[in-house]
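First comes the structure, then the notes that go with it.
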Amino acid sequence: MPQPGQPVPTPYPYADAPLFPTSIGPQPAGLPLHSCMGLNSCRGSDRYGLTGPPGGKANACAGQGYCATTADHTCHVQNQCRNQGGCGLYGTAEEMNRPAKNECRSLGSCATPINAERFSTNGPNQGKSVWLRARAVFAEQWPERREALLAKTETSDVHRDLPESLGAPPAPFAATGPTYLWITNGNQLRSNMTACGSSGMSGAGGCS
């Protein structure tokens, strides 16, 4: 995939995907916020929210959401709540091996959203994709999270249709996660990219 600073390929590979949303849409009540694409716990819970992307529909299922619902942040320990950290440049081996599954505010490792080019610099996932590891961790703990959410059915109708298995992340990002090229709208809107650090580690070309 094209790296930051390289010419944008022609034709643009994400022409059929909705533009990366610069703000986070209205969310279903009572659902946990999350740090990236494919880590949502229910329908309508993603960066576009219940209204969906322009001209489209809200995502239909857990695991199918477009990108983060947590407030964007640029680095290690800046997350506001549990499951809202990223991973990649800084952190312990344990933190690097469970991106997007931190236990509390300020315990998250690195920025969100988690762009596809980011790789772990420590731990068992060293040198490998942070987003793919985050998705795998989310899938592993989905049965437990699903049961916890089902216990809240009396407070929100949206929890009653939680699938036993996660849906696939949006194409064409299902195998990679959200790419730098998509987040920056063809390398035009660098302000959409929050990851900080050297380009080789963060995949973001530094702070934007």
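In the structure tokens, each chain is lettered A, B, ... as it comes, each chain's residues begin at 1, and ligands are numbered from 1 in order of appearance.
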
* Asked: Could you pull the residues within 12 Å of Gln141 (chain A), counting only C-alpha atoms, minus those fewer than 3 positions along the same chain, as an MDAnalysis selection string?
  -> chainID A and resid 39 41 83 98 100:101 134:138 144:148 164:166
